[in-house]
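J.: Take a look at the following structure, please.
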Amino acid sequence: MRIGLLLQLHLFSVAFWLGVVAVEYLIEQGRAQSRSQGFAVASLHRRIDLFFETPAFSVVLVTGLMLIEPARFDGIYALKVIAGGVAVAGNLLCLVPVLRRHAAAERDDLDGVIRQSRLIDSISLLAIPAGLLALACGLYLMLLR
Ligand code: HEM
């Protein structure tokens, strides 16, 4: 199976991104242990988003858009592109509560931190399954090559 450079870049950034999301998921599990732990998670998640996740999903989006062949836009192929797009959009949207939560933590506003954490959870509930669906469709398309 030979794959082009653009697709290699897409797959590399997808793998990197999913790894980052897995780490974030684990970090978020510890946020309710204590007030200081919750604030530390808010700061760590913000840095991970700004320095690693946003660059990774930006590369996924740009390479994904460049790979689109309009003539093939049907069935699993279309589902894959749409699911990938929803995953990227969800992560972009998630940046808002992540930044607001960090600002709330800086103000020592625990209620604000909890509110933004719930928003992060709700968006993740849409974005993570969409990402996994895009991955499943993408792997299926690879098998067809
Ligand atoms: C979580 C997000 C994503 C995952 C897990 C993912 C995964 C994959 C995988 C595994 C492939 C390889 C399929 C193959 O070799 O044929 C692929 C290809 C591709 N992806 Fe993504 N992708 C994501 C996001 C996106 C986005 C946002 C777009 C476009 C807006 C996109 C567009 C494409 C296209 C057009 C291909 C080429 C498919 C082909 O030629 O068969 N992907 N992706």
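Chain labels follow the order of the structure tokens: the first chain is A, the next B, and so on; residue numbering restarts at 1 in every chain, and ligands are counted from 1 in their shown order.
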Identify, on the basis of only C-alpha atoms, every residue whose closest approach to Arg46 in chain A does not exceed 9 Å; exclude the query and any residue fewer than 2 positions from it along the same chain; express the result as a PyMOL selection string.
T.: chain A and resi 41-44+48-51+95+98-99+101-102
J.: Emit the selected residues as a PDB file, in the first residue's frame, including N, CA and C atoms.
T.:
```
ATOM      1  N   VAL A  41      -5.495  21.503  36.740  1.00  0.00           N
ATOM      2  CA  VAL A  41      -5.983  20.868  35.503  1.00  0.00           C
ATOM      3  C   VAL A  41      -6.393  21.953  34.497  1.00  0.00           C
ATOM      4  N   ALA A  42      -7.051  23.017  34.994  1.00  0.00           N
ATOM      5  CA  ALA A  42      -7.485  24.114  34.112  1.00  0.00           C
ATOM      6  C   ALA A  42      -6.278  24.736  33.400  1.00  0.00           C
ATOM      7  N   SER A  43      -5.200  24.926  34.136  1.00  0.00           N
ATOM      8  CA  SER A  43      -4.011  25.545  33.551  1.00  0.00           C
ATOM      9  C   SER A  43      -3.304  24.598  32.563  1.00  0.00           C
ATOM     10  N   LEU A  44      -3.209  23.321  32.975  1.00  0.00           N
ATOM     11  CA  LEU A  44      -2.524  22.336  32.130  1.00  0.00           C
ATOM     12  C   LEU A  44      -3.283  22.118  30.813  1.00  0.00           C
ATOM     13  N   ILE A  48      -1.943  22.629  26.969  1.00  0.00           N
ATOM     14  CA  ILE A  48      -1.959  21.523  26.001  1.00  0.00           C
ATOM     15  C   ILE A  48      -2.744  21.946  24.757  1.00  0.00           C
ATOM     16  N   ASP A  49      -3.889  22.606  24.964  1.00  0.00           N
ATOM     17  CA  ASP A  49      -4.718  23.056  23.833  1.00  0.00           C
ATOM     18  C   ASP A  49      -3.966  24.041  22.939  1.00  0.00           C
ATOM     19  N   LEU A  50      -3.341  25.040  23.584  1.00  0.00           N
ATOM     20  CA  LEU A  50      -2.700  26.096  22.791  1.00  0.00           C
ATOM     21  C   LEU A  50      -1.438  25.620  22.084  1.00  0.00           C
ATOM     22  N   PHE A  51      -0.628  24.803  22.761  1.00  0.00           N
ATOM     23  CA  PHE A  51       0.677  24.448  22.190  1.00  0.00           C
ATOM     24  C   PHE A  51       0.688  23.146  21.389  1.00  0.00           C
ATOM     25  N   LEU A  95     -12.229  25.224  22.833  1.00  0.00           N
ATOM     26  CA  LEU A  95     -11.195  26.185  23.258  1.00  0.00           C
ATOM     27  C   LEU A  95     -11.800  27.300  24.120  1.00  0.00           C
ATOM     28  N   VAL A  98     -12.317  26.186  27.683  1.00  0.00           N
ATOM     29  CA  VAL A  98     -10.985  25.899  28.257  1.00  0.00           C
ATOM     30  C   VAL A  98     -10.301  27.214  28.670  1.00  0.00           C
ATOM     31  N   LEU A  99     -10.398  28.231  27.805  1.00  0.00           N
ATOM     32  CA  LEU A  99      -9.772  29.533  28.120  1.00  0.00           C
ATOM     33  C   LEU A  99     -10.539  30.236  29.250  1.00  0.00           C
ATOM     34  N   ARG A 101     -12.284  28.788  31.582  1.00  0.00           N
ATOM     35  CA  ARG A 101     -12.050  28.065  32.849  1.00  0.00           C
ATOM     36  C   ARG A 101     -10.723  28.486  33.469  1.00  0.00           C
ATOM     37  N   HIS A 102      -9.722  28.636  32.611  1.00  0.00           N
ATOM     38  CA  HIS A 102      -8.424  29.078  33.133  1.00  0.00           C
ATOM     39  C   HIS A 102      -8.538  30.472  33.745  1.00  0.00           C
TER      40      HIS A 102
END
```
J.: If you count only C-alpha atoms and all ligand atoms, which residues end up within 9 Å of ligand 1, as an MDAnalysis selection string?
T.: chainID A and resid 3 7:8 10:11 13:15 17:18 57:58 60:70 72:73 77:78 80:89 127:128 130:145
J.: Measuring atom to atom with only C-alpha atoms, identify which of A:Ala71, A:Leu119, A:Val23, A:Ala105 is nearest to Phe52 in chain A.
T.: A:Val23
J.: For Thr54 in chain A, which of A:Leu6, A:Leu92, A:Ala32, A:Ile27 is the closest residue, counting only C-alpha atoms?
T.: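 Among A:Leu6, A:Leu92, A:Ala32, A:Ile27, it is A:Leu92 that comes nearest to Thr54 in chain A.
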